[in-house]
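Structure data follow from my_file11.cif (mmCIF, C-alpha atoms and all ligand atoms):
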data_target
#
loop_
_atom_site.group_PDB
_atom_site.id
_atom_site.type_symbol
_atom_site.label_atom_id
_atom_site.label_comp_id
_atom_site.auth_asym_id
_atom_site.auth_seq_id
_atom_site.Cartn_x
_atom_site.Cartn_y
_atom_site.Cartn_z
ATOM 1 C CA MET H 11 59.109 94.212 90.255
ATOM 2 C CA GLY H 12 59.824 91.255 87.833
ATOM 3 C CA LYS H 13 62.011 88.369 89.018
ATOM 4 C CA ILE H 14 62.667 88.744 92.721
ATOM 5 C CA ALA H 15 65.213 87.061 94.991
ATOM 6 C CA VAL H 16 64.673 86.972 98.731
ATOM 7 C CA TYR H 17 67.968 87.291 100.575
ATOM 8 C CA PRO H 18 67.230 86.181 104.146
ATOM 9 C CA GLY H 19 69.386 86.241 107.240
ATOM 10 C CA SER H 20 69.957 87.595 110.705
ATOM 11 C CA PHE H 21 71.960 90.605 109.442
ATOM 12 C CA ASP H 22 73.120 91.314 112.988
ATOM 13 C CA PRO H 23 74.536 93.618 111.673
ATOM 14 C CA ILE H 24 74.678 93.973 107.867
ATOM 15 C CA THR H 25 78.265 93.897 106.503
ATOM 16 C CA TYR H 26 80.050 94.738 103.263
ATOM 17 C CA GLY H 27 79.941 90.987 102.544
ATOM 18 C CA HIS H 28 76.121 91.130 102.537
ATOM 19 C CA LEU H 29 76.074 94.317 100.451
ATOM 20 C CA ASP H 30 78.372 92.714 97.886
ATOM 21 C CA ILE H 31 75.932 89.786 97.498
ATOM 22 C CA VAL H 32 72.996 92.199 97.092
ATOM 23 C CA GLU H 33 74.837 94.208 94.428
ATOM 24 C CA ARG H 34 75.790 91.131 92.448
ATOM 25 C CA ALA H 35 72.271 89.674 92.812
ATOM 26 C CA LEU H 36 70.897 92.825 91.174
ATOM 27 C CA GLU H 37 72.799 91.781 88.028
ATOM 28 C CA CYS H 38 70.733 88.576 87.949
ATOM 29 C CA PHE H 39 67.349 89.645 89.360
ATOM 30 C CA ASP H 40 65.026 92.614 88.875
ATOM 31 C CA GLY H 41 64.742 93.134 92.590
ATOM 32 C CA VAL H 42 66.077 91.847 95.893
ATOM 33 C CA ILE H 43 64.241 91.664 99.194
ATOM 34 C CA VAL H 44 66.597 91.659 102.158
ATOM 35 C CA ALA H 45 64.519 89.691 104.656
ATOM 36 C CA ILE H 46 65.647 90.037 108.258
ATOM 37 C CA ALA H 47 64.478 87.211 110.489
ATOM 38 C CA ALA H 48 62.860 88.437 113.684
ATOM 39 C CA ASP H 49 62.843 84.978 115.308
ATOM 40 C CA THR H 50 66.167 83.229 115.019
ATOM 41 C CA PRO H 51 67.795 80.739 117.340
ATOM 42 C CA LYS H 52 70.811 83.069 117.588
ATOM 43 C CA ASP H 53 70.914 85.753 120.294
ATOM 44 C CA GLY H 54 71.004 89.095 118.544
ATOM 45 C CA LEU H 55 73.175 92.012 119.573
ATOM 46 C CA PHE H 56 70.797 94.444 117.871
ATOM 47 C CA THR H 57 67.014 94.444 117.922
ATOM 48 C CA VAL H 58 65.305 93.549 114.669
ATOM 49 C CA GLU H 59 64.227 97.210 114.312
ATOM 50 C CA GLU H 60 67.847 98.340 114.635
ATOM 51 C CA ARG H 61 68.999 95.751 112.082
ATOM 52 C CA VAL H 62 66.297 96.840 109.615
ATOM 53 C CA LYS H 63 67.219 100.501 110.114
ATOM 54 C CA MET H 64 70.933 99.882 109.490
ATOM 55 C CA ALA H 65 70.228 97.754 106.395
ATOM 56 C CA ARG H 66 67.823 100.380 104.992
ATOM 57 C CA THR H 67 70.391 103.119 105.518
ATOM 58 C CA ALA H 68 73.136 101.047 103.895
ATOM 59 C CA LEU H 69 70.915 100.236 100.902
ATOM 60 C CA LYS H 70 69.064 103.522 100.501
ATOM 61 C CA ALA H 71 70.714 104.254 97.128
ATOM 62 C CA LYS H 72 69.342 101.026 95.619
ATOM 63 C CA PRO H 73 65.768 101.507 94.363
ATOM 64 C CA ASP H 74 65.345 97.813 93.479
ATOM 65 C CA VAL H 75 66.066 96.631 97.004
ATOM 66 C CA VAL H 76 63.505 96.363 99.777
ATOM 67 C CA VAL H 77 64.448 95.651 103.385
ATOM 68 C CA GLU H 78 61.836 94.002 105.606
ATOM 69 C CA SER H 79 61.697 91.901 108.728
ATOM 70 C CA PHE H 80 59.752 88.664 108.817
ATOM 71 C CA THR H 81 58.465 86.243 111.418
ATOM 72 C CA GLY H 82 57.597 82.584 111.037
ATOM 73 C CA LEU H 83 58.793 80.289 108.296
ATOM 74 C CA LEU H 84 60.999 81.720 105.574
ATOM 75 C CA VAL H 85 59.206 79.758 102.825
ATOM 76 C CA ASP H 86 55.872 81.288 103.884
ATOM 77 C CA TYR H 87 57.384 84.748 103.761
ATOM 78 C CA VAL H 88 58.884 84.057 100.306
ATOM 79 C CA ALA H 89 55.520 82.820 98.995
ATOM 80 C CA SER H 90 53.722 85.861 100.454
ATOM 81 C CA ALA H 91 56.240 88.114 98.664
ATOM 82 C CA LYS H 92 55.325 86.293 95.397
ATOM 83 C CA ALA H 93 58.952 85.228 94.998
ATOM 84 C CA THR H 94 60.327 81.764 94.228
ATOM 85 C CA VAL H 95 64.039 82.201 94.917
ATOM 86 C CA ILE H 96 65.925 82.251 98.210
ATOM 87 C CA LEU H 97 69.428 83.624 97.808
ATOM 88 C CA ARG H 98 72.227 82.780 100.213
ATOM 89 C CA GLY H 99 75.889 83.733 100.244
ATOM 90 C CA LEU H 100 78.531 81.040 100.708
ATOM 91 C CA ARG H 101 81.919 81.916 102.145
ATOM 92 C CA ALA H 102 83.796 78.728 102.871
ATOM 93 C CA THR H 103 83.146 75.020 102.706
ATOM 94 C CA SER H 104 82.390 75.219 106.437
ATOM 95 C CA ASP H 105 79.151 77.075 105.528
ATOM 96 C CA PHE H 106 78.059 74.223 103.296
ATOM 97 C CA GLU H 107 76.600 71.775 105.808
ATOM 98 C CA TYR H 108 74.420 74.381 107.526
ATOM 99 C CA GLU H 109 73.278 75.768 104.169
ATOM 100 C CA PHE H 110 72.593 72.317 102.712
ATOM 101 C CA HIS H 111 70.475 71.459 105.750
ATOM 102 C CA MET H 112 68.546 74.730 105.535
ATOM 103 C CA ALA H 113 68.005 74.529 101.744
ATOM 104 C CA SER H 114 66.825 70.914 102.033
ATOM 105 C CA THR H 115 64.415 71.791 104.864
ATOM 106 C CA ASN H 116 63.007 74.705 102.895
ATOM 107 C CA LYS H 117 62.628 72.513 99.793
ATOM 108 C CA SER H 118 60.738 69.909 101.797
ATOM 109 C CA LEU H 119 58.459 72.636 103.182
ATOM 110 C CA ASN H 120 57.747 74.191 99.773
ATOM 111 C CA GLU H 121 59.068 72.490 96.670
ATOM 112 C CA THR H 122 58.254 75.426 94.400
ATOM 113 C CA ILE H 123 60.910 77.582 96.080
ATOM 114 C CA GLU H 124 64.547 77.225 94.995
ATOM 115 C CA THR H 125 67.589 78.176 97.040
ATOM 116 C CA LEU H 126 70.431 79.656 94.997
ATOM 117 C CA PHE H 127 73.935 80.261 96.340
ATOM 118 C CA MET H 128 76.375 82.968 95.433
ATOM 119 C CA MET H 129 80.031 82.701 96.393
ATOM 120 C CA ALA H 130 81.352 85.533 98.510
ATOM 121 C CA SER H 131 83.858 87.753 96.707
ATOM 122 C CA LYS H 132 87.508 87.219 97.562
ATOM 123 C CA ASP H 133 87.561 90.529 99.442
ATOM 124 C CA TYR H 134 84.790 89.455 101.802
ATOM 125 C CA PHE H 135 84.968 85.680 102.161
ATOM 126 C CA PHE H 136 86.268 86.029 105.744
ATOM 127 C CA VAL H 137 83.708 88.642 106.837
ATOM 128 C CA SER H 138 80.952 87.550 109.205
ATOM 129 C CA SER H 139 78.626 89.490 111.505
ATOM 130 C CA ARG H 140 79.828 87.325 114.387
ATOM 131 C CA THR H 141 83.521 88.179 114.010
ATOM 132 C CA ILE H 142 82.699 91.837 113.379
ATOM 133 C CA LYS H 143 80.852 92.002 116.710
ATOM 134 C CA GLU H 144 83.728 90.266 118.437
ATOM 135 C CA VAL H 145 86.366 92.589 116.955
ATOM 136 C CA ALA H 146 84.264 95.695 117.724
ATOM 137 C CA SER H 147 83.563 94.509 121.276
ATOM 138 C CA LEU H 148 87.310 94.210 121.852
ATOM 139 C CA GLY H 149 87.989 97.704 120.532
ATOM 140 C CA GLY H 150 89.285 96.737 117.057
ATOM 141 C CA SER H 151 88.454 98.662 113.887
ATOM 142 C CA VAL H 152 85.839 97.224 111.527
ATOM 143 C CA LYS H 153 85.770 100.323 109.320
ATOM 144 C CA ASP H 154 86.692 98.437 106.133
ATOM 145 C CA LEU H 155 84.165 95.670 106.718
ATOM 146 C CA VAL H 156 80.866 97.413 107.470
ATOM 147 C CA PRO H 157 78.976 100.463 106.178
ATOM 148 C CA ASP H 158 79.412 103.735 108.077
ATOM 149 C CA CYS H 159 76.029 103.549 109.821
ATOM 150 C CA VAL H 160 76.949 100.125 111.230
ATOM 151 C CA GLU H 161 80.394 101.250 112.332
ATOM 152 C CA LYS H 162 78.760 104.180 114.144
ATOM 153 C CA LYS H 163 76.212 101.907 115.842
ATOM 154 C CA LEU H 164 78.914 99.462 116.914
ATOM 155 C CA LYS H 165 80.896 102.350 118.356
ATOM 156 C CA GLU H 166 77.826 103.543 120.277
ATOM 157 C CA THR H 167 77.316 100.009 121.569
ATOM 158 C CA PHE H 168 80.914 99.180 122.458
ATOM 159 C CA GLY H 169 82.371 102.688 122.492
ATOM 160 C CA THR H 170 83.815 102.872 125.961
ATOM 161 C CA PRO H 171 85.940 100.267 127.727
ATOM 162 C CA GLN H 172 83.199 100.050 130.403
ATOM 163 C CA ARG H 173 80.517 99.258 127.793
ATOM 164 C CA ARG H 174 82.823 96.669 126.227
ATOM 165 C CA LYS H 175 83.286 95.114 129.663
ATOM 166 C CA ASP H 176 79.496 95.157 130.309
ATOM 167 C CA HIS H 177 78.851 93.464 126.948
ATOM 168 C CA LYS H 178 81.498 90.839 127.592
ATOM 169 C CA GLU H 179 79.968 90.046 130.975
ATOM 170 C CA SER H 180 76.376 89.925 129.703
ATOM 171 C CA SER H 181 77.247 87.739 126.679
ATOM 172 C CA SER H 182 79.069 85.228 128.853
ATOM 173 C CA LEU H 183 76.055 84.797 131.183
HETATM 174 O O1 LIG H 201 72.051 84.772 108.802
HETATM 175 P P1 LIG H 201 71.564 83.454 109.327
HETATM 176 O O2 LIG H 201 71.390 83.526 110.832
HETATM 177 O O3 LIG H 201 72.411 82.289 108.898
HETATM 178 O O4 LIG H 201 70.097 83.243 108.692
HETATM 179 C C1 LIG H 201 69.330 82.124 109.040
HETATM 180 C C2 LIG H 201 67.866 82.310 108.607
HETATM 181 C C3 LIG H 201 67.288 83.547 109.254
HETATM 182 C C4 LIG H 201 67.807 82.467 107.103
HETATM 183 C C5 LIG H 201 67.073 81.040 109.056
HETATM 184 O O5 LIG H 201 67.261 80.841 110.437
HETATM 185 C C6 LIG H 201 65.587 81.151 108.745
HETATM 186 O O6 LIG H 201 65.183 81.005 107.615
HETATM 187 N N1 LIG H 201 64.769 81.408 109.776
HETATM 188 C C7 LIG H 201 63.327 81.526 109.630
HETATM 189 C C8 LIG H 201 62.618 80.304 110.221
HETATM 190 C C9 LIG H 201 62.599 79.143 109.228
HETATM 191 O O7 LIG H 201 62.005 79.217 108.167
HETATM 192 N N2 LIG H 201 63.230 78.005 109.605
HETATM 193 C C10 LIG H 201 63.270 76.827 108.764
HETATM 194 C C11 LIG H 201 64.405 76.855 107.754
HETATM 195 S S1 LIG H 201 65.834 76.113 108.433
#

Written form, structure tokens:
Amino acid sequence: MGKIAVYPGSFDPITYGHLDIVERALECFDGVIVAIAADTPKDGLFTVEERVKMARTALKAKPDVVVESFTGLLVDYVASAKATVILRGLRATSDFEYEFHMASTNKSLNETIETLFMMASKDYFFVSSRTIKEVASLGGSVKDLVPDCVEKKLKETFGTPQRRKDHKESSSL
């Protein structure tokens, strides 16, 4: 596959912001692995299988992209994929501290692996999976921010006012 970048994250769910990073990364790398973390400290709305399925559907037209889930340390996954680059998107300066901490931790765990950052495009710098879930859970449209398969899944999840209410109650427990 040549020079590979591993693009890791929760992808809960994948957004147009993520897809934009993948597309631009393909200009710099021969292939991109979208690596969906199965164990993250964040509570997921979707199961890892659902997140993988949505990402695969959204990226099915891209032959140089592979979508996989991983468990354990990211650096171990990157090494097992025979890659040496972790790619992360940066939206605002508020992302920086978290990303700096994560990149430094990964460097201390495996110094042969580099983290590279790509700035989000101006159209997507405000897009995050967290706000998309919030907007969808409150009945707002996220049509312009996520691929169709994700919009459909969010509608199934939050479709009715009762489901929205159930989600709101369960996420505030
Ligand atoms: O999209 P996110 O939630 O910001 O992605 C964070 C992620 C999944 C990249 C990070 O939590 C991660 O790498 N998890 C795997 C476990 C790991 O290697 N932790 C040490 C690095 S901080």

Practice problem: Can you work out the spacing between CA of Ala15 in chain H and CA of Ser104 in chain H in Å, to one decimal? | Solution: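 Between these atoms lies a distance of 23.8 Å.
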
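Take the candidates H:Val88, H:Leu29, H:Met112, H:Ala68 and check each one against ligand LIG 201 (chain H) using only C-alpha atoms and all ligand atoms; the shortest distance goes to H:Met112.
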
Do a neighbour search on range 46-56 of chain H at 7 Å with only C-alpha atoms, toss out local chain neighbours closer than 4 positions, and write the hits as a PDB file with C-alpha atoms, in the coordinates of the input.
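Heads up, here's the output in part-v4.pdb:
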ATOM      1  CA  PRO H  18      67.230  86.181 104.146  1.00  0.00           C
ATOM      2  CA  GLY H  19      69.386  86.241 107.240  1.00  0.00           C
ATOM      3  CA  SER H  20      69.957  87.595 110.705  1.00  0.00           C
ATOM      4  CA  PHE H  21      71.960  90.605 109.442  1.00  0.00           C
ATOM      5  CA  ASP H  22      73.120  91.314 112.988  1.00  0.00           C
ATOM      6  CA  GLU H  60      67.847  98.340 114.635  1.00  0.00           C
ATOM      7  CA  ARG H  61      68.999  95.751 112.082  1.00  0.00           C
ATOM      8  CA  VAL H  62      66.297  96.840 109.615  1.00  0.00           C
ATOM      9  CA  GLU H  78      61.836  94.002 105.606  1.00  0.00           C
ATOM     10  CA  SER H  79      61.697  91.901 108.728  1.00  0.00           C
ATOM     11  CA  PHE H  80      59.752  88.664 108.817  1.00  0.00           C
ATOM     12  CA  THR H  81      58.465  86.243 111.418  1.00  0.00           C
TER      13      THR H  81
END

Practice problem: Tell me which residues the PyMOL selection byres (((chain H and resi 72) around 10) and not hetatm) grabs here, as an MDAnalysis selection string. | Solution: chainID H and resid 32:33 36 41:42 66 68:71 73:76

Using 9 Å as the limit and counting all atoms listed in the file, can you tabulate each residue of range 22-114 of chain H that touches range 133-140 of chain H, with its shortest atom-to-atom distance in Å and the two atoms involved, as a tab-separated table?
residue	atom	partner	partner_atom	distance
H:Asp22	CA	H:Ser139	CA	6.0
H:Pro23	CA	H:Ser139	CA	5.8
H:Ile24	CA	H:Ser139	CA	7.0
H:Thr25	CA	H:Ser139	CA	6.7
H:Tyr26	CA	H:Tyr134	CA	7.2
H:Gly27	CA	H:Tyr134	CA	5.1
H:His28	CA	H:Tyr134	CA	8.9
H:Asp30	CA	H:Tyr134	CA	8.2
H:Leu100	CA	H:Phe135	CA	8.1
H:Arg101	CA	H:Phe135	CA	4.8
H:Ala102	CA	H:Phe135	CA	7.1

Quiz item: For ligand LIG 201 (chain H), which residue out of H:Ala35, H:Val77, H:Ala65, H:Ala45 is the nearest one, using all atoms listed in the file?
Solution: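 Looking only at the distances to ligand LIG 201 (chain H), the closest residue turns out to be H:Ala45.
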
Practice problem: Kindly resolve the PyMOL selection byres (((chain H and resi 119) around 12) and not hetatm) on the present coordinates and return the residues as a PyMOL selection string. | Solution: chain H and resi 83-86+88-89+112-118+120-124

Could you list the residues chosen by the PyMOL selection byres (((chain H and resi 128) around 10) and not hetatm) in this structure as a PDB file with C-alpha atoms, in the frame of the given file?
ATOM      1  CA  ILE H  31      75.932  89.786  97.498  1.00  0.00           C
ATOM      2  CA  VAL H  32      72.996  92.199  97.092  1.00  0.00           C
ATOM      3  CA  ARG H  34      75.790  91.131  92.448  1.00  0.00           C
ATOM      4  CA  ALA H  35      72.271  89.674  92.812  1.00  0.00           C
ATOM      5  CA  LEU H  97      69.428  83.624  97.808  1.00  0.00           C
ATOM      6  CA  ARG H  98      72.227  82.780 100.213  1.00  0.00           C
ATOM      7  CA  GLY H  99      75.889  83.733 100.244  1.00  0.00           C
ATOM      8  CA  LEU H 100      78.531  81.040 100.708  1.00  0.00           C
ATOM      9  CA  ARG H 101      81.919  81.916 102.145  1.00  0.00           C
ATOM     10  CA  LEU H 126      70.431  79.656  94.997  1.00  0.00           C
ATOM     11  CA  PHE H 127      73.935  80.261  96.340  1.00  0.00           C
ATOM     12  CA  MET H 129      80.031  82.701  96.393  1.00  0.00           C
ATOM     13  CA  ALA H 130      81.352  85.533  98.510  1.00  0.00           C
ATOM     14  CA  SER H 131      83.858  87.753  96.707  1.00  0.00           C
TER      15      SER H 131
END

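Between atom C9 of ligand LIG 201 (chain H) and CA of Thr141 in chain H lies a distance of 23.3 Å.
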
Exercise. Would you mind telling me which residue in H:Lys132, H:Lys63, H:Lys13, H:His111 lies nearest to ligand LIG 201 (chain H) when using only C-alpha atoms and all ligand atoms?
Key: H:His111

Practice problem: Please indicate the distance in Å from atom C6 of ligand LIG 201 (chain H) to CA of Thr125 in chain H, rounded to one decimal place. | Solution: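 Computing it gives 12.2 Å between the two atoms.
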
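Between Val160 in chain H and the residues H:Ile96, H:Ala146, H:Ile14, H:Cys38, the shortest atom-to-atom distance, using only C-alpha atoms, involves H:Ala146.
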
Exercise. Find, counting all atoms listed in the file, the residue in H:Gly82, H:Val58, H:Pro157, H:Glu107 that gets nearest to ligand LIG 201 (chain H).
Key: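 Of H:Gly82, H:Val58, H:Pro157, H:Glu107, the one nearest ligand LIG 201 (chain H) is H:Gly82, counting all atoms listed in the file.
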
Exercise. Point out the residue among H:Phe39, H:Glu161, H:Met64, H:Glu109 with the least atom-to-atom distance to Thr94 in chain H, counting all atoms listed in the file.
Key: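 Selected residue with least distance to Thr94 in chain H: H:Phe39.
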
Go ahead and fit an axis-aligned box to every listed atom of ligand LIG 201 (chain H) plus 3 Å each side, and pass me the centre and edge lengths in Å, one decimal, as JSON.
{"center_x": 67.2, "center_y": 80.4, "center_z": 109.0, "size_x": 16.4, "size_y": 14.7, "size_z": 9.7}

File contents for range 85-169 of chain H with C-alpha atoms as an mmCIF file, in the first residue's frame:
data_model
loop_
_atom_site.group_PDB
_atom_site.id
_atom_site.type_symbol
_atom_site.label_atom_id
_atom_site.label_comp_id
_atom_site.auth_asym_id
_atom_site.auth_seq_id
_atom_site.Cartn_x
_atom_site.Cartn_y
_atom_site.Cartn_z
ATOM 1 C CA VAL H 85 0.882 2.908 18.914
ATOM 2 C CA ASP H 86 0.742 -0.906 19.023
ATOM 3 C CA TYR H 87 -2.009 -0.912 16.434
ATOM 4 C CA VAL H 88 -0.032 1.499 14.212
ATOM 5 C CA ALA H 89 3.085 -0.688 14.459
ATOM 6 C CA SER H 90 1.061 -3.834 13.674
ATOM 7 C CA ALA H 91 -0.320 -2.079 10.569
ATOM 8 C CA LYS H 92 3.321 -1.405 9.511
ATOM 9 C CA ALA H 93 2.616 2.330 9.537
ATOM 10 C CA THR H 94 4.651 5.108 11.158
ATOM 11 C CA VAL H 95 2.275 8.067 10.956
ATOM 12 C CA ILE H 96 -0.714 8.953 13.120
ATOM 13 C CA LEU H 97 -2.879 11.610 11.514
ATOM 14 C CA ARG H 98 -5.151 13.869 13.530
ATOM 15 C CA GLY H 99 -7.403 16.732 12.505
ATOM 16 C CA LEU H 100 -7.207 20.040 14.368
ATOM 17 C CA ARG H 101 -10.192 22.363 14.453
ATOM 18 C CA ALA H 102 -9.514 25.128 16.924
ATOM 19 C CA THR H 103 -6.809 26.064 19.375
ATOM 20 C CA SER H 104 -8.990 24.446 22.050
ATOM 21 C CA ASP H 105 -8.111 21.045 20.492
ATOM 22 C CA PHE H 106 -4.415 21.730 20.905
ATOM 23 C CA GLU H 107 -3.851 20.824 24.551
ATOM 24 C CA TYR H 108 -5.601 17.453 24.290
ATOM 25 C CA GLU H 109 -3.797 16.670 21.030
ATOM 26 C CA PHE H 110 -0.407 17.774 22.366
ATOM 27 C CA HIS H 111 -0.875 15.528 25.399
ATOM 28 C CA MET H 112 -1.910 12.566 23.249
ATOM 29 C CA ALA H 113 0.892 13.049 20.676
ATOM 30 C CA SER H 114 3.484 13.372 23.454
ATOM 31 C CA THR H 115 2.200 10.226 25.196
ATOM 32 C CA ASN H 116 2.280 8.275 21.950
ATOM 33 C CA LYS H 117 5.806 9.534 21.204
ATOM 34 C CA SER H 118 6.986 8.426 24.632
ATOM 35 C CA LEU H 119 5.419 4.996 24.056
ATOM 36 C CA ASN H 120 6.959 4.540 20.597
ATOM 37 C CA GLU H 121 9.419 7.112 19.331
ATOM 38 C CA THR H 122 9.413 5.750 15.785
ATOM 39 C CA ILE H 123 5.804 6.858 15.265
ATOM 40 C CA GLU H 124 5.095 10.479 14.312
ATOM 41 C CA THR H 125 1.828 12.325 14.828
ATOM 42 C CA LEU H 126 0.947 14.733 12.024
ATOM 43 C CA PHE H 127 -1.861 17.289 12.210
ATOM 44 C CA MET H 128 -4.055 18.588 9.453
ATOM 45 C CA MET H 129 -6.142 21.715 9.931
ATOM 46 C CA ALA H 130 -9.856 21.268 9.422
ATOM 47 C CA SER H 131 -11.201 23.028 6.332
ATOM 48 C CA LYS H 132 -13.052 26.280 6.913
ATOM 49 C CA ASP H 133 -16.342 24.572 6.050
ATOM 50 C CA TYR H 134 -15.949 21.990 8.803
ATOM 51 C CA PHE H 135 -13.909 23.567 11.590
ATOM 52 C CA PHE H 136 -17.009 23.747 13.828
ATOM 53 C CA VAL H 137 -18.191 20.181 13.149
ATOM 54 C CA SER H 138 -17.799 17.618 15.919
ATOM 55 C CA SER H 139 -19.441 14.247 16.548
ATOM 56 C CA ARG H 140 -20.483 15.503 19.979
ATOM 57 C CA THR H 141 -22.425 18.528 18.721
ATOM 58 C CA ILE H 142 -23.929 16.491 15.885
ATOM 59 C CA LYS H 143 -25.343 14.010 18.410
ATOM 60 C CA GLU H 144 -26.659 16.850 20.524
ATOM 61 C CA VAL H 145 -28.334 18.612 17.584
ATOM 62 C CA ALA H 146 -29.820 15.332 16.285
ATOM 63 C CA SER H 147 -31.049 14.354 19.756
ATOM 64 C CA LEU H 148 -32.909 17.664 19.964
ATOM 65 C CA GLY H 149 -34.541 17.184 16.570
ATOM 66 C CA GLY H 150 -32.288 19.528 14.541
ATOM 67 C CA SER H 151 -31.079 18.763 11.020
ATOM 68 C CA VAL H 152 -27.498 17.565 10.554
ATOM 69 C CA LYS H 153 -27.979 16.785 6.861
ATOM 70 C CA ASP H 154 -25.171 19.096 5.702
ATOM 71 C CA LEU H 155 -22.694 17.818 8.274
ATOM 72 C CA VAL H 156 -22.784 14.022 8.013
ATOM 73 C CA PRO H 157 -23.008 11.432 5.223
ATOM 74 C CA ASP H 158 -26.459 10.074 4.356
ATOM 75 C CA CYS H 159 -25.948 6.740 6.129
ATOM 76 C CA VAL H 160 -25.133 8.591 9.364
ATOM 77 C CA GLU H 161 -28.084 10.944 9.030
ATOM 78 C CA LYS H 162 -30.339 7.906 8.559
ATOM 79 C CA LYS H 163 -28.874 6.154 11.613
ATOM 80 C CA LEU H 164 -29.250 9.275 13.745
ATOM 81 C CA LYS H 165 -32.861 9.548 12.632
ATOM 82 C CA GLU H 166 -33.463 5.902 13.571
ATOM 83 C CA THR H 167 -31.863 6.555 16.953
ATOM 84 C CA PHE H 168 -33.529 9.870 17.763
ATOM 85 C CA GLY H 169 -36.387 9.760 15.263
#
